[in-house]
Amino acid sequence: MTSPRSNWNYPTAIRFGAGRIAELPDACRDAGMTRPLLVTDPFLATQAMTGRAIAILNEAGLPAGLFADIKPNPVETNVYRGLEALRFGGHDGVVAFGGGSALDAGKVVAFMAGQTRPMWDFEDIGDWYTRADPKGIAPIVAVPTTAGTGSEVGRAGVITQEATHTKKVIFHPLMIPKVTICDPELTVGMPPHITAGTGLDALAHCLEAYCAPSYHPMAEGIAVEGMRLVKEYLPRAYREGADIEARAQMMSAAAMGATAFQKGLGAIHALSHPVGALYDTHHGLTNAVFMPYVLIYNRSAIETKIERLAAYLGLAGRFDAFLEWVLGLRRDLGVPHTLEGLKIGPERFDEMSAMAPEDPTAGGNPVPITQDTARHLYEEALAGRI
Ligand SMILES: NC(=O)c1ccc[n+]([C@@H]2O[C@H](COP(=O)([O-])OP(=O)(O)OC[C@H]3O[C@@H](n4cnc5c(N)ncnc54)[C@H](O)[C@@H]3O)[C@@H](O)[C@H]2O)c1
Ligand SMILES: [Fe+2]
């Protein structure tokens with residue numbers, strides 16, 4: 001490599017720390033909102049922390065609406081209903097509050113606030129984002145309640161297209177939250193299986209970003225430290241949900257993963273997205289199932305990098321030590337070793353193998369993915385062959 005060229009972005013303002021949800025009204029004012037719509041999912045809408053967030057907005061003179069019709073793996077109907085709530089309620093911004101599903105849906109609702117074209121015109125393809133009117137994007141404050149997707153620092157929302165059962169990425173550089181509040185206290189109520197699934201999504205982001213072949217040394221640095229945090233703190237957060245230090249470190253790891261993955265993702269996500277879209281499985285958990293099979297598939301292209309990573313993580317050994325660590329972590333966190341554990345058989349492998357290489361994340365995989373190799377990987381993951 002002689003003189004590399006690349007585009008780098010790290011612009012999110014993050015208020016990080018336990019208890020900082022109290023600053024939500026301040027954050028909304030900073031973002032330019034006077035009448036926010038809080039977008040969350042139906043379960044979180046019933047939780048005390050959500051009621052409290054709305055109460056502190058109202059008490060601070062920012063009358064807040066609530067929209068909670070968001071399913072896990074959100075679909076376009078969720079976005080369009082949210083858009084109606086935004087417009088009819090006269091809201092001038094969105095507080096996206098929840099896991100990746102609510103964050104993504106809330107961000108896309110805010111993005112669509114003043115657009116005249118349909119949402120699918122803004123899929124993350126080429127320069128399609130330039131079709132959007134930047135002045136039509138309502139401000140966003142993001143408040144994650146899981147530690148995994150990192151959507152709170154991202155410029156995209158993942159929405160499932162119901163007609164094709166495909167997860168699509170809606171992207172605009174200004175879809176990024178104006179302010180993010182990372183308050184680890186909001187994540188202590190996550191049950192262990194969601195802690196595991198979301199935490200392993202953060203790991204998948206760091207790992208795939210680190211391995212993606214494009215030039216982005218800053219992203220690589222962030223990704224390796226993100227993986228160290230996962231190694232040290234995810235088992236603690238899983239065992240003891242109230243361990244606030246572990247929760248905080250995982251919140252960092254999640255934001256770091258998504259900051260790093262502007263460098264690229266890869267086959268873990270490309271294989272996982274069709275499964276999530278067709279079977280509605282949890283995104284992070286699905287990634288975790290595929291992780292070791294993809295590592296082996298990519299081995300020839302990433303062996304040296306993984307050796308460096310293994311040394312940084314303090315593992316005794318090289319590529320095989322890293323693979324063993326991944327397998328052990330999955331086991332300890334109750335992640336199934338095969339697709340069968342997600343209740344998935346080979347019935348739709350044809351469809352999935354055609355979808356995976358088309359997924360926007362496929363291009364970041366260090367070894368090209370074709371329909372044949374995607375099928376091979378689905379078969380390995382079903383048989384549990386390591
Ligand atoms: N925008 C991005 O860059 C990006 C990156 C990765 C994934 N995603 C998307 O994010 C979605 C997955 O997000 P997720 O993994 O955060 O899961 P999620 O938002 O679907 O939430 C999973 C479950 O956890 C519950 N939950 C959330 N916070 C909780 C808390 N504090 N206590 C108890 N329960 C809680 C939710 O109610 C839900 O039932 C997928 O649609 C995926 O495609 C987006
Ligand atoms: Fe992900």
# chains A, B, ... in the order shown; residues from 1 in each chain; ligands from 1
>>> residues_around(residues="A:Thr145", least_positions_apart="3", cutoff="12 Å", atoms="only C-alpha atoms", output="ChimeraX atom specification")
/A:21,40-41,43-44,47,49-50,96-103,142,148-152,180-191,194-195,198,247-248,250-251,254
>>> closest_atom_pairs(of="chain A", to="ligand 2", cutoff="7 Å", atoms="only C-alpha atoms and all ligand atoms", output="tab-separated table")
residue	atom	partner	partner_atom_place_in_ligand_line	distance
A:Thr149	CA	ligand 2	1 (Fe)	5.4
A:Asp201	CA	ligand 2	1 (Fe)	5.0
A:Ala202	CA	ligand 2	1 (Fe)	6.9
A:Ala204	CA	ligand 2	1 (Fe)	6.7
A:His205	CA	ligand 2	1 (Fe)	6.0
A:His269	CA	ligand 2	1 (Fe)	6.4
A:His283	CA	ligand 2	1 (Fe)	6.5
A:Gly284	CA	ligand 2	1 (Fe)	6.1
>>> closest_residue(among="A:Met291, A:Val108, A:Ala356, A:Leu323", to="ligand 1", atoms="only C-alpha atoms and all ligand atoms")
A:Val108
>>> residues_around(residues="stretch 292-294 of chain A", least_positions_apart="3", cutoff="7 Å", atoms="only C-alpha atoms", output="PyMOL selection string")
chain A and resi 267-268+297-298+323+326-327+377+380-381+386
>>> write_last_selection(atoms="N, CA and C atoms", output="compact mmCIF listing (two decimals), in the first residue's frame")
# COMPACT_ATOMS: atom_id res chain seq x y z
N ALA A 267 -19.45 -11.69 6.27
CA ALA A 267 -20.33 -12.84 6.05
C ALA A 267 -21.19 -13.18 7.28
N ILE A 268 -20.72 -12.87 8.48
CA ILE A 268 -21.56 -13.16 9.65
C ILE A 268 -22.88 -12.42 9.48
N TYR A 297 -14.05 -20.11 7.43
CA TYR A 297 -14.15 -19.83 5.98
C TYR A 297 -13.17 -18.73 5.57
N ASN A 298 -12.99 -17.74 6.44
CA ASN A 298 -12.11 -16.60 6.12
C ASN A 298 -10.65 -16.83 6.48
N LEU A 323 -10.28 -18.92 17.90
CA LEU A 323 -11.47 -19.72 17.56
C LEU A 323 -12.00 -20.44 18.80
N VAL A 326 -13.84 -18.01 21.02
CA VAL A 326 -15.18 -17.71 20.50
C VAL A 326 -16.12 -18.88 20.84
N LEU A 327 -15.65 -20.10 20.61
CA LEU A 327 -16.52 -21.26 20.87
C LEU A 327 -16.86 -21.37 22.36
N LEU A 377 -21.80 -22.50 3.83
CA LEU A 377 -21.74 -22.00 5.21
C LEU A 377 -23.03 -22.31 5.97
N GLU A 380 -22.77 -25.96 6.88
CA GLU A 380 -21.84 -26.17 8.00
C GLU A 380 -22.49 -25.78 9.32
N ALA A 381 -23.21 -24.64 9.30
CA ALA A 381 -23.83 -24.15 10.53
C ALA A 381 -25.00 -25.02 10.95
N ILE A 386 -17.04 -27.93 12.58
CA ILE A 386 -15.96 -26.97 12.85
C ILE A 386 -14.65 -27.56 12.38
>>> closest_residue(among="A:Asp280, A:Asp332, A:Asp26, A:Glu232", to="ligand 1", atoms="only C-alpha atoms and all ligand atoms")
A:Asp280
>>> residues_around(residues="A:Phe319", least_positions_apart="4", cutoff="9 Å", atoms="only C-alpha atoms", output="PyMOL selection string")
chain A and resi 299+302-307+309-310+323-324
>>> select_by_dssp(residues="stretch 43-243 of chain A", states="helix (DSSP H, G or I)", output="ChimeraX atom specification")
/A:43-45,48-59,76-88,100-112,119-122,128-131,134-136,151-153,173-175,184-187,192-211,217-239
>>> closest_residue(among="A:Gly364, A:Gly19, A:Pro177, A:Gly384", to="A:Val94", atoms="only C-alpha atoms")
A:Pro177
>>> residues_around(residues="A:Thr370", least_positions_apart="3", cutoff="10 Å", atoms="only C-alpha atoms", output="PyMOL selection string")
chain A and resi 353-358+362+367+373-376
>>> write_last_selection(atoms="C-alpha atoms", output="mmCIF file, in the first residue's frame")
data_model
loop_
_atom_site.group_PDB
_atom_site.id
_atom_site.type_symbol
_atom_site.label_atom_id
_atom_site.label_comp_id
_atom_site.auth_asym_id
_atom_site.auth_seq_id
_atom_site.Cartn_x
_atom_site.Cartn_y
_atom_site.Cartn_z
ATOM 1 C CA SER A 353 -28.134 -18.626 -0.209
ATOM 2 C CA ALA A 354 -29.390 -16.322 -2.955
ATOM 3 C CA MET A 355 -30.011 -13.478 -0.482
ATOM 4 C CA ALA A 356 -26.729 -13.596 1.473
ATOM 5 C CA PRO A 357 -24.333 -12.507 -1.327
ATOM 6 C CA GLU A 358 -26.760 -9.673 -2.176
ATOM 7 C CA ALA A 362 -21.390 -9.203 2.053
ATOM 8 C CA VAL A 367 -13.110 -13.829 1.148
ATOM 9 C CA THR A 373 -20.239 -20.613 -0.604
ATOM 10 C CA ALA A 374 -23.207 -19.123 1.274
ATOM 11 C CA ARG A 375 -25.005 -22.455 0.951
ATOM 12 C CA HIS A 376 -21.870 -24.259 2.129
#
>>> closest_residue(among="A:Pro336, A:Pro25, A:Gly90, A:Pro139", to="A:Leu174", atoms="only C-alpha atoms")
A:Pro139
>>> residues_around(residues="stretch 57-72 of chain A", least_positions_apart="4", cutoff="7 Å", atoms="only C-alpha atoms", output="VMD selection string")
chain A and resid 25 34 to 42 45 53 78 82 85 101 to 102
>>> atom_distance(atom1="atom CA of A:Asp243", atom2="atom 10 (O, counted along the ligand's line) of ligand 1")
23.7 Å
>>> atom_distance(atom1="atom CA of A:Ser252", atom2="atom CA of A:Ala301")
28.3 Å
>>> residues_around(residues="A:Thr338", least_positions_apart="2", cutoff="9 Å", atoms="only C-alpha atoms", output="VMD selection string")
chain A and resid 289 to 290 335 to 336 340 to 342 344 380 to 385
>>> select_by_dssp(residues="stretch 8-242 of chain A", states="strand (DSSP E or B)", output="VMD selection string")
chain A and resid 13 to 16 36 to 39 65 to 67 75 93 to 98 123 140 to 144 156 to 161 166 to 171 179 to 182
